[in-house]
Amino acid sequence: MKCPKCGSEKLKVTHTRKQDDGEETYIVRYRRCVECGSAFKTREQYSFAQPDEW
Ligand SMILES: [Zn+2]
């Protein structure tokens, strides 16, 4: 994971939040770049997969 602004890999996760909007669950991670100070977030989505989808 790199900073979208300056490309630095020195990122710090400031906090992690679980977000649930009914059918889907997301993990939202708030990050801050150590180099340029930009704050941004990434979202990871979990969804159930059926083995026959693979
Ligand atoms: Zn940066």
# chains A, B, ... in the order shown; residues from 1 in each chain; ligands from 1
$ closest_atom_pairs --of "chain A" --to "ligand 1" --cutoff "9 Å" --atoms "only C-alpha atoms and all ligand atoms" --output "Markdown table"
| residue | atom | partner | partner_atom_place_in_ligand_line | distance |
| --- | --- | --- | --- | --- |
| A:Lys2 | CA | ligand 1 | 1 (Zn) | 7.8 |
| A:Cys3 | CA | ligand 1 | 1 (Zn) | 4.7 |
| A:Pro4 | CA | ligand 1 | 1 (Zn) | 6.7 |
| A:Lys5 | CA | ligand 1 | 1 (Zn) | 5.1 |
| A:Cys6 | CA | ligand 1 | 1 (Zn) | 4.1 |
| A:Gly7 | CA | ligand 1 | 1 (Zn) | 5.9 |
| A:Ser8 | CA | ligand 1 | 1 (Zn) | 5.3 |
| A:Glu9 | CA | ligand 1 | 1 (Zn) | 7.9 |
| A:Lys10 | CA | ligand 1 | 1 (Zn) | 7.8 |
| A:Leu11 | CA | ligand 1 | 1 (Zn) | 7.9 |
| A:Arg32 | CA | ligand 1 | 1 (Zn) | 7.8 |
| A:Cys33 | CA | ligand 1 | 1 (Zn) | 4.6 |
| A:Val34 | CA | ligand 1 | 1 (Zn) | 6.7 |
| A:Glu35 | CA | ligand 1 | 1 (Zn) | 5.1 |
| A:Cys36 | CA | ligand 1 | 1 (Zn) | 4.2 |
| A:Gly37 | CA | ligand 1 | 1 (Zn) | 6.0 |
| A:Ser38 | CA | ligand 1 | 1 (Zn) | 5.6 |
| A:Ala39 | CA | ligand 1 | 1 (Zn) | 8.4 |
$ write_last_selection --atoms "N, CA and C atoms" --output "short mmCIF file (atom, residue, chain, number, x, y, z; two decimals), in the first residue's frame"
data_model
loop_
_atom_site.label_atom_id
_atom_site.label_comp_id
_atom_site.auth_asym_id
_atom_site.auth_seq_id
_atom_site.Cartn_x
_atom_site.Cartn_y
_atom_site.Cartn_z
N LYS A 2 0.58 2.16 -0.91
CA LYS A 2 1.34 3.40 -1.02
C LYS A 2 0.43 4.60 -0.86
N CYS A 3 1.02 5.68 -0.44
CA CYS A 3 0.27 6.93 -0.34
C CYS A 3 -0.17 7.35 -1.75
N PRO A 4 -1.45 7.67 -1.95
CA PRO A 4 -1.92 8.08 -3.28
C PRO A 4 -1.37 9.45 -3.69
N LYS A 5 -0.88 10.20 -2.76
CA LYS A 5 -0.41 11.55 -3.06
C LYS A 5 1.08 11.58 -3.39
N CYS A 6 1.89 11.01 -2.50
CA CYS A 6 3.34 11.12 -2.70
C CYS A 6 4.01 9.79 -3.00
N GLY A 7 3.27 8.69 -2.89
CA GLY A 7 3.84 7.39 -3.22
C GLY A 7 4.67 6.75 -2.12
N SER A 8 4.70 7.38 -0.98
CA SER A 8 5.47 6.82 0.14
C SER A 8 4.80 5.57 0.68
N GLU A 9 5.63 4.66 1.15
CA GLU A 9 5.07 3.46 1.78
C GLU A 9 5.03 3.57 3.30
N LYS A 10 5.43 4.73 3.79
CA LYS A 10 5.41 4.91 5.25
C LYS A 10 4.04 5.38 5.69
N LEU A 11 3.18 4.43 5.92
CA LEU A 11 1.81 4.74 6.28
C LEU A 11 1.51 4.20 7.67
N ARG A 32 -2.69 7.36 7.65
CA ARG A 32 -2.05 8.64 7.48
C ARG A 32 -0.64 8.41 6.97
N CYS A 33 -0.28 9.19 5.97
CA CYS A 33 1.06 9.09 5.42
C CYS A 33 2.04 9.82 6.33
N VAL A 34 3.10 9.14 6.70
CA VAL A 34 4.11 9.74 7.58
C VAL A 34 4.89 10.83 6.83
N GLU A 35 5.06 10.67 5.53
CA GLU A 35 5.86 11.62 4.75
C GLU A 35 5.14 12.94 4.49
N CYS A 36 3.93 12.89 3.96
CA CYS A 36 3.28 14.14 3.56
C CYS A 36 2.05 14.48 4.42
N GLY A 37 1.67 13.59 5.31
CA GLY A 37 0.58 13.90 6.22
C GLY A 37 -0.82 13.71 5.66
N SER A 38 -0.93 13.22 4.42
CA SER A 38 -2.26 13.00 3.86
C SER A 38 -2.99 11.91 4.63
N ALA A 39 -4.27 12.15 4.81
CA ALA A 39 -5.11 11.14 5.45
C ALA A 39 -6.01 10.54 4.39
#
$ select_by_dssp --residues "chain A" --states "strand (DSSP E)" --output "number ranges by chain"
A: 11-21, 24-33, 39-46
$ closest_residue --among "A:Gln19, A:Glu44, A:Pro51, A:Met1" --to "Arg31 in chain A" --atoms "only C-alpha atoms"
A:Met1
$ atom_distance --atom1 "CA of Val13 in chain A" --atom2 "CA of Lys41 in chain A"
9.0 Å
